[in-house]
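J.: Sending over final06.txt (compact mmCIF, C-alpha atoms and all ligand atoms).
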```
# COMPACT_ATOMS: atom_id res chain seq x y z
CA MET Q 30 24.44 -135.48 52.27
CA ASN Q 31 26.80 -138.41 52.49
CA ASN Q 32 29.16 -139.64 49.80
CA LYS Q 33 26.55 -141.82 48.15
CA GLN Q 34 23.88 -139.13 48.12
CA VAL Q 35 26.36 -136.68 46.60
CA LYS Q 36 27.07 -139.08 43.75
CA GLN Q 37 23.40 -139.58 43.10
CA ARG Q 38 22.56 -135.92 43.25
CA PHE Q 39 25.40 -134.79 40.96
CA GLY Q 40 25.51 -137.82 38.64
CA ILE Q 41 29.03 -138.71 39.74
CA ILE Q 42 30.08 -142.19 38.73
CA GLY Q 43 32.99 -144.10 40.26
CA ASN Q 44 33.92 -145.79 43.45
CA SER Q 45 37.69 -145.54 43.57
CA PRO Q 46 39.21 -144.57 46.91
CA GLN Q 47 40.76 -141.46 45.33
CA LEU Q 48 37.42 -140.16 44.06
CA ASN Q 49 35.70 -140.99 47.33
CA ARG Q 50 38.41 -139.16 49.22
CA ALA Q 51 37.96 -136.02 47.10
CA ILE Q 52 34.20 -136.08 47.72
CA ASP Q 53 34.68 -136.68 51.45
CA ILE Q 54 37.05 -133.72 51.80
CA ALA Q 55 34.55 -131.54 49.92
CA LEU Q 56 31.82 -132.61 52.36
CA GLN Q 57 34.05 -132.00 55.36
CA VAL Q 58 35.02 -128.46 54.39
CA ALA Q 59 31.59 -127.52 53.03
CA PRO Q 60 30.13 -126.11 56.29
CA THR Q 61 33.15 -123.84 56.85
CA ASP Q 62 33.98 -120.63 54.99
CA ILE Q 63 37.49 -121.71 54.05
CA SER Q 64 38.64 -121.13 50.44
CA VAL Q 65 39.17 -124.32 48.50
CA PHE Q 66 41.51 -124.96 45.62
CA VAL Q 67 40.65 -127.77 43.18
CA SER Q 68 43.36 -129.17 40.94
CA GLY Q 69 43.67 -132.04 38.50
CA GLU Q 70 44.18 -132.70 34.81
CA SER Q 71 41.74 -131.56 32.18
CA GLY Q 72 38.50 -133.56 32.06
CA THR Q 73 38.79 -135.17 35.49
CA GLY Q 74 35.57 -133.68 36.89
CA LYS Q 75 36.79 -130.67 38.88
CA GLU Q 76 33.61 -128.74 38.22
CA ASN Q 77 31.61 -131.06 40.47
CA ILE Q 78 33.51 -130.10 43.60
CA PRO Q 79 32.40 -126.46 44.04
CA LYS Q 80 28.79 -127.50 43.47
CA ILE Q 81 29.07 -130.17 46.17
CA ILE Q 82 30.60 -127.65 48.56
CA HIS Q 83 28.00 -124.95 47.92
CA GLN Q 84 25.05 -127.34 48.21
CA ASN Q 85 26.36 -128.68 51.52
CA SER Q 86 27.03 -125.30 53.08
CA SER Q 87 24.79 -122.87 54.90
CA ARG Q 88 25.08 -120.67 51.80
CA LYS Q 89 23.09 -123.06 49.63
CA HIS Q 90 20.02 -120.82 49.50
CA ASN Q 91 22.12 -117.91 48.25
CA ASN Q 92 23.82 -117.43 44.90
CA TYR Q 93 26.33 -119.82 43.38
CA ILE Q 94 28.26 -118.01 40.66
CA ALA Q 95 30.66 -119.94 38.41
CA VAL Q 96 33.08 -117.78 36.46
CA ASN Q 97 35.35 -119.13 33.76
CA CYS Q 98 38.29 -116.76 34.10
CA GLY Q 99 39.75 -118.00 30.82
CA ALA Q 100 36.68 -116.97 28.86
CA ILE Q 101 36.64 -113.30 29.85
CA PRO Q 102 38.80 -110.87 27.84
CA GLU Q 103 41.65 -109.39 29.82
CA GLY Q 104 40.38 -105.84 29.29
CA THR Q 105 37.00 -106.41 30.94
CA ILE Q 106 37.77 -108.99 33.61
CA ASP Q 107 38.14 -106.52 36.51
CA SER Q 108 34.83 -104.93 35.70
CA GLU Q 109 33.14 -108.33 35.28
CA LEU Q 110 34.41 -109.57 38.63
CA PHE Q 111 34.21 -106.41 40.69
CA GLY Q 112 31.78 -104.22 38.77
CA HIS Q 113 32.28 -100.63 37.66
CA GLU Q 114 30.96 -97.14 38.23
CA LYS Q 115 29.21 -95.11 35.59
CA GLY Q 116 31.81 -93.40 33.41
CA ALA Q 117 34.68 -95.59 34.67
CA PHE Q 118 35.72 -96.19 31.06
CA THR Q 119 34.43 -95.44 27.58
CA GLY Q 120 31.16 -97.25 27.16
CA ALA Q 121 30.42 -97.54 30.90
CA HIS Q 122 27.05 -95.80 30.62
CA ASP Q 123 25.74 -97.23 33.88
CA SER Q 124 27.25 -98.57 37.03
CA ARG Q 125 27.22 -102.33 37.19
CA LYS Q 126 27.54 -104.98 39.88
CA GLY Q 127 30.35 -107.49 39.52
CA TYR Q 128 30.14 -111.23 40.15
CA PHE Q 129 31.58 -110.85 43.64
CA GLU Q 130 28.78 -108.53 44.66
CA VAL Q 131 26.17 -110.79 43.05
CA ALA Q 132 27.61 -113.75 44.96
CA ASP Q 133 27.42 -111.93 48.33
CA GLU Q 134 26.45 -114.41 51.08
CA GLY Q 135 26.91 -117.19 48.54
CA THR Q 136 29.75 -118.95 46.72
CA ILE Q 137 31.88 -117.89 43.79
CA PHE Q 138 33.68 -120.53 41.73
CA LEU Q 139 36.67 -119.11 39.86
CA ASP Q 140 37.40 -121.72 37.22
CA GLU Q 141 40.62 -121.66 35.16
CA ILE Q 142 42.11 -119.37 37.80
CA ALA Q 143 45.57 -119.50 36.18
CA GLU Q 144 44.18 -117.35 33.36
CA LEU Q 145 43.70 -114.32 35.60
CA PRO Q 146 45.91 -111.39 34.65
CA LEU Q 147 48.44 -110.43 37.32
CA SER Q 148 46.70 -107.12 38.06
CA THR Q 149 43.42 -108.95 38.72
CA GLN Q 150 45.27 -111.41 40.93
CA VAL Q 151 46.27 -108.47 43.14
CA ARG Q 152 42.64 -107.34 43.45
CA LEU Q 153 41.54 -110.89 44.23
CA LEU Q 154 44.13 -111.28 46.94
CA ARG Q 155 42.81 -108.11 48.57
CA VAL Q 156 39.25 -109.44 48.55
CA LEU Q 157 40.36 -112.73 50.06
CA GLU Q 158 42.27 -110.99 52.81
CA SER Q 159 39.86 -108.24 53.74
CA GLY Q 160 36.53 -109.20 52.22
CA GLU Q 161 36.55 -105.75 50.66
CA PHE Q 162 37.00 -104.42 47.15
CA MET Q 163 36.39 -101.36 45.05
CA LYS Q 164 34.46 -101.23 41.82
CA VAL Q 165 36.44 -100.12 38.79
CA GLY Q 166 36.39 -96.32 38.76
CA SER Q 167 35.29 -96.04 42.39
CA SER Q 168 37.15 -95.15 45.55
CA LYS Q 169 34.52 -96.51 47.89
CA SER Q 170 35.18 -99.96 49.22
CA ILE Q 171 32.41 -102.53 49.40
CA LYS Q 172 32.32 -105.23 52.03
CA ILE Q 173 31.11 -108.67 51.05
CA ASN Q 174 30.92 -112.16 52.46
CA VAL Q 175 31.72 -114.62 49.69
CA ARG Q 176 33.10 -118.15 49.81
CA VAL Q 177 35.76 -118.57 47.12
CA ILE Q 178 36.53 -121.84 45.35
CA ALA Q 179 39.12 -121.88 42.58
CA ALA Q 180 40.15 -124.53 40.08
CA THR Q 181 42.76 -125.07 37.40
CA ASN Q 182 44.35 -127.83 35.35
CA VAL Q 183 47.54 -125.79 35.15
CA ASN Q 184 50.53 -126.64 37.30
CA LEU Q 185 50.45 -123.50 39.48
CA PRO Q 186 53.84 -123.93 41.19
CA LYS Q 187 55.30 -123.95 37.67
CA ALA Q 188 53.26 -120.88 36.70
CA ILE Q 189 54.58 -119.19 39.85
CA SER Q 190 58.18 -119.98 38.95
CA GLU Q 191 57.53 -118.48 35.52
CA GLY Q 192 56.15 -115.30 37.08
CA LYS Q 193 52.65 -115.85 35.71
CA PHE Q 194 50.92 -116.47 39.01
CA ARG Q 195 51.34 -114.75 42.36
CA GLU Q 196 52.72 -116.97 45.07
CA ASP Q 197 50.88 -115.13 47.87
CA LEU Q 198 47.56 -115.64 46.08
CA TYR Q 199 48.31 -119.31 45.56
CA TYR Q 200 48.89 -119.85 49.28
CA ARG Q 201 45.83 -117.83 50.17
CA LEU Q 202 43.62 -119.89 47.85
CA ASN Q 203 45.24 -123.17 48.72
CA THR Q 204 44.16 -123.34 52.39
CA ILE Q 205 42.35 -126.55 51.55
CA SER Q 206 43.34 -128.34 48.41
CA ILE Q 207 41.31 -131.03 46.67
CA PHE Q 208 43.08 -133.02 44.00
CA ILE Q 209 41.04 -134.94 41.44
CA PRO Q 210 43.10 -137.87 40.20
CA ALA Q 211 43.53 -138.68 36.53
CA LEU Q 212 41.38 -141.51 35.18
CA ARG Q 213 44.49 -143.66 34.63
CA GLU Q 214 45.02 -143.52 38.40
CA ARG Q 215 41.57 -144.95 39.12
CA LYS Q 216 41.22 -147.65 36.53
CA GLU Q 217 38.43 -149.37 38.43
CA ASP Q 218 36.13 -146.49 37.51
CA VAL Q 219 36.59 -146.91 33.75
CA SER Q 220 34.10 -149.75 33.26
CA LEU Q 221 31.50 -148.06 35.47
CA LEU Q 222 31.83 -144.85 33.50
CA PHE Q 223 31.72 -146.70 30.19
CA ARG Q 224 28.44 -148.38 31.13
CA LYS Q 225 26.92 -145.16 32.35
CA PHE Q 226 27.86 -143.20 29.23
CA SER Q 227 26.78 -145.95 26.81
CA SER Q 228 23.39 -146.25 28.48
CA ASP Q 229 23.02 -142.44 28.53
CA PHE Q 230 23.73 -142.28 24.80
CA ALA Q 231 21.36 -145.14 24.12
CA ASP Q 232 18.58 -143.35 26.00
CA LYS Q 233 19.30 -140.08 24.32
CA TYR Q 234 19.29 -141.46 20.80
CA ASN Q 235 16.81 -144.24 21.31
CA SER Q 236 19.04 -147.09 20.29
CA PRO Q 237 20.45 -150.09 22.18
CA SER Q 238 23.62 -149.39 24.16
CA ILE Q 239 26.99 -150.58 22.95
CA ARG Q 240 28.76 -153.39 24.81
CA LEU Q 241 32.40 -154.36 25.09
CA ASP Q 242 33.72 -157.89 25.39
CA GLU Q 243 36.22 -158.68 28.12
CA GLN Q 244 39.26 -158.03 25.98
CA ALA Q 245 37.92 -154.71 24.71
CA MET Q 246 37.08 -153.63 28.27
CA ASP Q 247 40.59 -154.56 29.28
CA ILE Q 248 42.01 -152.29 26.62
CA ILE Q 249 40.02 -149.25 27.66
CA THR Q 250 40.74 -149.94 31.33
CA ASN Q 251 44.45 -149.87 30.70
CA TYR Q 252 44.43 -147.02 28.22
CA ASN Q 253 46.15 -143.82 29.27
CA TRP Q 254 43.13 -141.44 28.81
CA PRO Q 255 45.07 -138.18 28.49
CA GLY Q 256 41.73 -136.31 28.23
CA ASN Q 257 40.33 -138.25 31.20
CA ILE Q 258 36.56 -138.61 31.71
CA ARG Q 259 35.74 -136.05 29.04
CA GLN Q 260 37.69 -138.11 26.51
CA LEU Q 261 36.06 -141.36 27.62
CA LYS Q 262 32.64 -139.78 27.22
CA ASN Q 263 33.49 -138.64 23.69
CA PHE Q 264 34.92 -142.04 22.88
CA VAL Q 265 31.65 -143.72 23.88
CA ALA Q 266 29.73 -141.18 21.81
CA GLN Q 267 31.92 -141.92 18.82
CA LEU Q 268 31.43 -145.68 19.05
CA SER Q 269 27.70 -145.31 19.70
CA VAL Q 270 27.24 -143.28 16.52
CA ILE Q 271 29.66 -144.83 14.13
CA GLU Q 272 29.49 -148.54 14.87
CA THR Q 273 26.57 -150.39 13.37
CA GLU Q 274 27.20 -153.43 15.59
CA ARG Q 275 26.31 -153.00 19.27
CA ASP Q 276 28.92 -155.56 20.39
CA ILE Q 277 32.23 -153.82 20.04
CA SER Q 278 35.37 -155.89 19.52
CA ALA Q 279 38.84 -155.28 20.90
CA GLN Q 280 40.06 -154.51 17.37
CA THR Q 281 37.44 -151.82 16.88
CA VAL Q 282 38.39 -150.29 20.21
CA LEU Q 283 42.05 -150.26 19.24
CA ASN Q 284 41.25 -148.66 15.90
CA SER Q 285 39.13 -145.99 17.56
CA LEU Q 286 41.54 -144.93 20.29
CA PRO Q 287 44.07 -142.26 19.45
CA GLU Q 288 47.59 -143.57 19.67
CA ASN Q 289 48.41 -144.44 23.25
CA ARG Q 290 50.54 -141.59 24.50
CA ASN Q 291 53.63 -142.01 26.53
CA LYS Q 292 52.58 -142.23 30.16
CA ASN Q 293 55.53 -140.19 31.29
CA ASN Q 294 54.59 -137.20 29.23
CA SER Q 295 53.24 -134.38 31.26
CA PRO Q 296 49.54 -134.28 30.49
CA ILE Q 297 49.67 -130.54 30.95
CA LEU Q 298 51.44 -130.26 27.63
CA PHE Q 299 48.47 -131.82 25.88
CA GLU Q 300 45.61 -130.28 27.73
CA ASP Q 301 44.59 -127.42 25.55
CA LYS Q 302 45.05 -129.31 22.34
CA ASN Q 303 43.03 -132.23 23.63
CA LYS Q 304 40.23 -130.05 24.75
CA ALA Q 305 40.01 -128.30 21.40
CA GLU Q 306 40.11 -131.57 19.48
CA LEU Q 307 37.47 -133.11 21.65
CA SER Q 308 35.02 -130.28 21.48
CA GLU Q 309 35.45 -130.20 17.73
CA ARG Q 310 34.67 -133.89 17.63
CA GLU Q 311 31.64 -133.41 19.83
CA ILE Q 312 30.33 -130.99 17.24
CA LEU Q 313 30.94 -133.44 14.44
CA TYR Q 314 29.12 -136.20 16.31
CA LYS Q 315 26.22 -133.89 16.74
CA VAL Q 316 26.19 -133.12 13.02
CA LEU Q 317 26.31 -136.85 12.29
CA PHE Q 318 23.49 -137.58 14.70
CA ASP Q 319 21.37 -134.84 13.19
CA MET Q 320 22.05 -136.03 9.67
CA LYS Q 321 21.26 -139.60 10.63
CA ARG Q 322 17.98 -138.51 12.11
CA ASP Q 323 17.15 -136.43 9.04
CA LEU Q 324 17.82 -139.41 6.82
CA SER Q 325 15.58 -141.69 8.87
CA GLU Q 326 12.80 -139.15 8.66
CA LEU Q 327 13.34 -138.75 4.96
CA LYS Q 328 13.25 -142.49 4.44
CA LYS Q 329 10.03 -142.68 6.35
CA ILE Q 330 8.45 -139.92 4.30
CA THR Q 331 9.62 -141.59 1.09
CA PHE Q 332 8.18 -144.94 2.14
CA ASP Q 333 4.91 -143.34 3.10
CA LEU Q 334 4.73 -141.55 -0.22
CA ILE Q 335 5.51 -144.69 -2.18
CA ASN Q 336 2.99 -146.72 -0.23
CA ASN Q 337 0.31 -144.11 -0.73
CA ASN Q 338 1.01 -143.87 -4.46
CA ASN Q 339 1.06 -147.45 -5.60
CA SER Q 340 0.66 -146.48 -9.22
CA GLY Q 341 3.99 -146.96 -10.85
CA ILE Q 342 5.39 -143.51 -10.16
CA LYS Q 343 8.09 -144.80 -7.83
CA THR Q 344 11.02 -144.33 -10.14
CA ASP Q 345 9.81 -140.99 -11.39
CA PHE Q 346 9.40 -139.84 -7.86
CA PHE Q 347 13.01 -140.52 -7.08
CA ASN Q 348 14.31 -138.97 -10.27
CA GLU Q 349 12.24 -135.89 -9.87
CA THR Q 350 12.91 -135.23 -6.24
CA LYS Q 351 16.56 -135.62 -6.87
CA GLN Q 352 16.55 -133.00 -9.57
CA LYS Q 353 14.11 -130.34 -8.54
CA ASP Q 354 11.90 -130.67 -5.52
CA VAL Q 355 14.43 -131.29 -2.81
CA PRO Q 356 17.69 -130.02 -4.23
CA ASN Q 357 19.60 -130.39 -0.98
CA ILE Q 358 19.01 -134.08 -0.70
CA SER Q 359 21.29 -135.26 -3.43
CA PRO Q 360 22.35 -138.91 -3.62
CA VAL Q 361 25.81 -137.81 -2.58
CA LYS Q 362 24.54 -136.55 0.74
CA GLU Q 363 22.73 -139.78 1.42
CA GLU Q 364 25.93 -141.59 0.74
CA ILE Q 365 27.70 -139.76 3.54
CA ILE Q 366 25.18 -140.94 6.02
CA ILE Q 367 25.12 -144.47 4.77
CA ASP Q 368 28.88 -144.36 4.97
CA VAL Q 369 28.57 -144.12 8.73
CA LYS Q 370 29.65 -147.71 9.15
CA ALA Q 371 32.17 -149.55 11.17
CA THR Q 372 34.66 -149.72 8.35
CA VAL Q 373 34.89 -146.01 7.74
CA SER Q 374 37.08 -144.06 10.05
CA LEU Q 375 36.02 -140.85 11.69
CA ALA Q 376 38.58 -138.93 9.67
CA ILE Q 377 37.04 -140.05 6.39
CA GLN Q 378 33.61 -139.09 7.57
CA GLU Q 379 34.89 -135.76 8.72
CA LYS Q 380 36.49 -135.22 5.35
CA ASN Q 381 33.29 -136.22 3.52
CA LEU Q 382 31.17 -133.93 5.64
CA ILE Q 383 33.45 -131.00 5.00
CA LYS Q 384 33.76 -131.78 1.29
CA HIS Q 385 30.01 -132.01 0.77
CA SER Q 386 29.32 -128.95 2.81
CA LEU Q 387 31.85 -126.98 0.74
CA GLU Q 388 30.31 -128.30 -2.49
CA LYS Q 389 26.86 -127.43 -1.31
CA HIS Q 390 27.93 -123.87 -0.59
CA ASN Q 391 29.99 -123.51 -3.77
CA GLY Q 392 33.22 -123.44 -1.83
CA LYS Q 393 32.10 -120.62 0.47
CA ARG Q 394 33.96 -121.42 3.67
CA LYS Q 395 31.96 -119.11 5.84
CA LEU Q 396 28.68 -120.85 4.99
CA ALA Q 397 30.21 -124.32 5.25
CA ALA Q 398 31.73 -123.51 8.64
CA ALA Q 399 28.38 -122.21 9.87
CA GLU Q 400 26.61 -125.36 8.70
CA LEU Q 401 29.18 -127.60 10.37
CA ALA Q 402 29.14 -125.46 13.52
CA ILE Q 403 32.91 -125.06 13.50
CA SER Q 404 34.99 -121.92 13.23
CA GLU Q 405 36.28 -120.77 9.86
CA ARG Q 406 39.79 -121.15 11.19
CA THR Q 407 39.17 -124.80 12.06
CA LEU Q 408 37.60 -125.38 8.67
CA TYR Q 409 40.61 -123.81 6.98
CA ARG Q 410 42.93 -126.10 8.94
CA LYS Q 411 40.84 -129.15 8.02
CA ILE Q 412 40.85 -128.21 4.33
CA LYS Q 413 44.62 -128.13 4.43
CA GLU Q 414 44.83 -131.31 6.47
CA PHE Q 415 42.57 -133.25 4.12
CA LYS Q 416 44.06 -131.57 1.04
CA LEU Q 417 40.59 -130.61 -0.17
N1 LIG L 501 32.77 -139.02 38.10
C1 LIG L 501 32.11 -138.64 36.99
N2 LIG L 501 31.03 -139.32 36.58
C2 LIG L 501 30.36 -138.96 35.46
N3 LIG L 501 30.73 -137.96 34.67
C3 LIG L 501 31.80 -137.23 35.02
C4 LIG L 501 32.54 -137.52 36.19
N4 LIG L 501 33.56 -136.64 36.29
C5 LIG L 501 33.47 -135.85 35.22
N5 LIG L 501 32.41 -136.18 34.46
C6 LIG L 501 32.04 -135.56 33.18
O1 LIG L 501 33.25 -135.36 32.46
C7 LIG L 501 33.24 -134.11 31.78
C8 LIG L 501 34.43 -133.29 32.22
O2 LIG L 501 34.30 -132.89 33.57
P1 LIG L 501 34.64 -131.39 34.03
O3 LIG L 501 34.08 -130.41 33.07
O4 LIG L 501 34.29 -131.24 35.45
O5 LIG L 501 36.22 -131.44 33.84
P2 LIG L 501 37.34 -130.45 34.40
O6 LIG L 501 38.11 -131.18 35.41
O7 LIG L 501 36.69 -129.17 34.79
O8 LIG L 501 38.24 -130.25 33.10
P3 LIG L 501 38.96 -128.91 32.55
O9 LIG L 501 40.18 -128.70 33.42
O10 LIG L 501 39.35 -129.26 31.16
O11 LIG L 501 37.98 -127.79 32.64
C9 LIG L 501 31.90 -133.48 32.09
O12 LIG L 501 31.01 -133.79 31.04
C10 LIG L 501 31.47 -134.15 33.38
O13 LIG L 501 30.08 -134.19 33.50
MG MG L 502 36.61 -127.30 33.87
```
If you took the structure in this file and wrote it as structure tokens, what would it be?
T.:
Amino acid sequence: MNNKQVKQRFGIIGNSPQLNRAIDIALQVAPTDISVFVSGESGTGKENIPKIIHQNSSRKHNNYIAVNCGAIPEGTIDSELFGHEKGAFTGAHDSRKGYFEVADEGTIFLDEIAELPLSTQVRLLRVLESGEFMKVGSSKSIKINVRVIAATNVNLPKAISEGKFREDLYYRLNTISIFIPALRERKEDVSLLFRKFSSDFADKYNSPSIRLDEQAMDIITNYNWPGNIRQLKNFVAQLSVIETERDISAQTVLNSLPENRNKNNSPILFEDKNKAELSEREILYKVLFDMKRDLSELKKITFDLINNNNSGIKTDFFNETKQKDVPNISPVKEEIIIDVKATVSLAIQEKNLIKHSLEKHNGKRKLAAAELAISERTLYRKIKEFKL
């Protein structure tokens, strides 16, 4: 594959020299067995790199295993990665293969590598140096042939100085390093990404794509994008759902962007918070989309019913359905959806959604949280925030 084919195959948008360079390095190192370390801020697209490398290596017909080290509890991570023998610990009823063994002859992608506990870092270093490891509870070493690619958005030299990451492991992983630049460093990609995301959303939800005038495009091009491409994608989703107009003005863009953060601030400080906020928003957009769709269907059914019953029962129909037949579809709920207009901010909609969900479930947070697909803790925080 060449650079262009890689972009097509993996849906990578952008043509900045920095992005092209990252892809070219990935292609160059792909045929070797060298470990690769991918760094860059949150949301820059690091997860594409190991896939490019694997697919362009001789290992491509063998397993590609992606492990999010941050998602595995500290107590089980060794057994997940390296496997365990029967009886190695309480509950180990059978012996089990770890990801490294499953990835033999293939590639393992260790994402969020900075989250590995120090003891696991020692085991990993041993595998990298000797290609051998022992299952938890075993004294027999297993030899494997695995290509390792690691990624993190954490500043590892800083983590090393704080004693959270082993320096020897860092150097061992870092033989080849691929840095994915922040979106603010490749401004020329912003408009391309915007167009791609708006047309993707339009296709997905069967509506025309949103467009920006020159001034509005200028604003997003020069915005700081602390959450990088992930944030831009969510921003396009937000505008696509909330705005009734398809031509988006500069003012609307300004109102929709979170306050422009100081460019000198280390993005690392914001990463986790951003990520949490964004995924929470994603969920809310989804709820909004679903509700919008439900309303359209409901409208259609209502129209059909009215048209099929042209006998003066229209008003009764509405009164009755409101009271008995479809208790969930109260006029209040319709109002939330109709409120999805340019003038209403996301926060208000969020507040309305939460309020109505709580009312619907008689204040039972657990049920409301489940309906909104957010955690109870998040719901609790929102209730406080919105003073509900
Ligand atoms: N060049 C690109 N073109 C299109 N979409 C992209 C591009 N780069 C990233 N994305 C999209 O942006 C989102 C974030 O990318 P990704 O998950 O790879 O980020 P990351 O660097 O791993 O971030 P984190 O450190 O927070 O895990 C994904 O939805 C991904 O598909
Ligand atoms: Mg990632």
J.: CA of Asn263 in chain Q and CA of Arg50 in chain Q are how many Å apart?
T.: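 These atoms are spaced 26.0 Å apart.
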J.: Please, which residues have at least one atom within 10 Å of an atom of ligand MG 502 (chain L), using all atoms listed in the file, listed as number ranges by chain?
T.: Q: 68-77, 97, 140-141, 180-182
J.: Which polymer residues have any atom within 6 Å of an atom of Val67 in chain Q, counting all atoms listed in the file, with same-chain residues fewer than 5 positions away left out, as a list in words?
T.: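 Final neighbour list, sorted by chain and number: Ala180, Ser206, Ile207 and Phe208 of chain Q.
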J.: So how many Å separate CA of Arg240 in chain Q and CA of Ile277 in chain Q, to one decimal?
T.: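 Taking CA of Arg240 in chain Q and CA of Ile277 in chain Q, their separation equals 5.9 Å.
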J.: Provide the CA of Leu261 in chain Q to CA of Lys380 in chain Q distance in Å, to one decimal place.
T.: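 Computing the Euclidean distance for CA of Leu261 in chain Q and CA of Lys380 in chain Q yields 23.1 Å.
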J.: Ranking Q:Thr105, Q:Ile142, Q:Trp254, Q:Lys225 by minimum distance to Ala188 in chain Q and counting only C-alpha atoms, which one comes first?
T.: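 Using only C-alpha atoms, Ala188 in chain Q sits closest to Q:Ile142.
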J.: Could you check the closest approach to ligand LIG 501 (chain L) for each of Q:Asn184, Q:Asn257, Q:Ser159, Q:Gln267 and tell me which residue wins, using only C-alpha atoms and all ligand atoms?
T.: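 Closest candidate: Q:Asn257.
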J.: Skip range 211-219 of chain Q itself and residues of its chain fewer than 4 positions away, then list as a list of chain:residue names all residues within 8 Å of it, counting only C-alpha atoms.
T.: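 Everything that qualifies: Q:Ile42, Q:Gly43, Q:Asn44, Q:Ser45, Q:Gln47, Q:Gly69, Q:Glu70, Q:Thr73, Q:Phe223, Q:Ile249, Q:Thr250, Q:Asn251, Q:Tyr252, Q:Asn253, Q:Trp254, Q:Asn257, Q:Ile258.
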J.: Emit as JSON the padded axis-aligned box for all listed atoms of range 214-229 of chain Q, 5 Å per side, with centre and edge lengths in Å to one decimal.
T.:
```
{"center_x": 34.0, "center_y": -146.1, "center_z": 33.0, "size_x": 32.0, "size_y": 17.3, "size_z": 22.3}
```
J.: For each of Q:Gln37, Q:Ser170, Q:Thr149, Q:Gln244, take the minimum atom-to-atom distance to ligand LIG 501 (chain L), counting all atoms listed in the file, then give the residue where this is smallest.
T.: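 Closest candidate: Q:Gln37.
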J.: What lies within 8 Å of Phe129 in chain Q using only C-alpha atoms, ignoring chain neighbours under 2 positions off, as a list in words?
T.: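 Surrounding residues, per the criterion: Leu110, Phe111, Gly127, Val131, Ala132, Asp133, Ile137, Ile173 and Val175 of chain Q.
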J.: Skip Asn203 in chain Q itself and residues of its chain fewer than 4 positions away, then list as a list of chain:residue names all residues within 7 Å of it, counting all atoms listed in the file.
T.: Q:Val65, Q:Phe66, Q:Tyr199
J.: Q:Ile209, Q:Asn31, Q:Ile330, Q:Leu154: which is nearest Leu48 in chain Q, counting only C-alpha atoms?
T.: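 Checking each of Q:Ile209, Q:Asn31, Q:Ile330, Q:Leu154 against Leu48 in chain Q, counting only C-alpha atoms, the winner is Q:Ile209.
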J.: With all atoms listed in the file as the counted atoms, please give the residues lying no more than 12 Å from Thr119 in chain Q, apart from itself and same-chain residues fewer than 5 positions off, as a list in words.
T.: Thr105, His113, Glu114 and Gly166 of chain Q
J.: Selected residues, C-alpha atoms, written as a PDB file, keeping the file's coordinate frame, please.
T.:
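Saved file selection_35.pdb follows:
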```
ATOM      1  CA  THR Q 105      37.000-106.410  30.940  1.00  0.00           C
ATOM      2  CA  HIS Q 113      32.280-100.630  37.660  1.00  0.00           C
ATOM      3  CA  GLU Q 114      30.960 -97.140  38.230  1.00  0.00           C
ATOM      4  CA  GLY Q 166      36.390 -96.320  38.760  1.00  0.00           C
TER       5      GLY Q 166
END
```
J.: Go through Q:Ser227, Q:Asn284, Q:Thr273, Q:Thr61 and flag the residue nearest ligand LIG 501 (chain L), using all atoms listed in the file for the distances.
T.: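 Closest candidate: Q:Ser227.
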J.: For Leu185 in chain Q, which of Q:Leu202, Q:Leu153, Q:Ala121, Q:Ile171 is the closest residue, counting all atoms listed in the file?
T.: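 Checking each of Q:Leu202, Q:Leu153, Q:Ala121, Q:Ile171 against Leu185 in chain Q, counting all atoms listed in the file, the winner is Q:Leu202.
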J.: What would range 126-132 of chain Q look like with N, CA, C and O atoms in place, written as a PDB file, in the coordinates of the input?
T.:
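Final output, rebuild.pdb:
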```
ATOM      1  N   LYS Q 126      27.044-104.106  38.822  1.00  0.00           N
ATOM      2  CA  LYS Q 126      27.540-104.980  39.880  1.00  0.00           C
ATOM      3  C   LYS Q 126      28.453-106.041  39.266  1.00  0.00           C
ATOM      4  O   LYS Q 126      28.169-106.544  38.188  1.00  0.00           O
ATOM      5  N   GLY Q 127      29.498-106.399  39.988  1.00  0.00           N
ATOM      6  CA  GLY Q 127      30.350-107.490  39.520  1.00  0.00           C
ATOM      7  C   GLY Q 127      29.912-108.811  40.128  1.00  0.00           C
ATOM      8  O   GLY Q 127      29.028-108.851  40.984  1.00  0.00           O
ATOM      9  N   TYR Q 128      30.535-109.893  39.663  1.00  0.00           N
ATOM     10  CA  TYR Q 128      30.140-111.230  40.150  1.00  0.00           C
ATOM     11  C   TYR Q 128      30.313-111.369  41.660  1.00  0.00           C
ATOM     12  O   TYR Q 128      29.538-112.047  42.315  1.00  0.00           O
ATOM     13  N   PHE Q 129      31.364-110.725  42.197  1.00  0.00           N
ATOM     14  CA  PHE Q 129      31.580-110.850  43.640  1.00  0.00           C
ATOM     15  C   PHE Q 129      30.395-110.278  44.429  1.00  0.00           C
ATOM     16  O   PHE Q 129      29.958-110.856  45.417  1.00  0.00           O
ATOM     17  N   GLU Q 130      29.902-109.151  43.952  1.00  0.00           N
ATOM     18  CA  GLU Q 130      28.780-108.530  44.660  1.00  0.00           C
ATOM     19  C   GLU Q 130      27.518-109.390  44.500  1.00  0.00           C
ATOM     20  O   GLU Q 130      26.745-109.557  45.448  1.00  0.00           O
ATOM     21  N   VAL Q 131      27.333-109.946  43.299  1.00  0.00           N
ATOM     22  CA  VAL Q 131      26.170-110.790  43.050  1.00  0.00           C
ATOM     23  C   VAL Q 131      26.225-112.046  43.930  1.00  0.00           C
ATOM     24  O   VAL Q 131      25.212-112.576  44.366  1.00  0.00           O
ATOM     25  N   ALA Q 132      27.447-112.509  44.181  1.00  0.00           N
ATOM     26  CA  ALA Q 132      27.610-113.750  44.960  1.00  0.00           C
ATOM     27  C   ALA Q 132      27.623-113.498  46.470  1.00  0.00           C
ATOM     28  O   ALA Q 132      27.853-114.426  47.254  1.00  0.00           O
TER      29      ALA Q 132
END
```
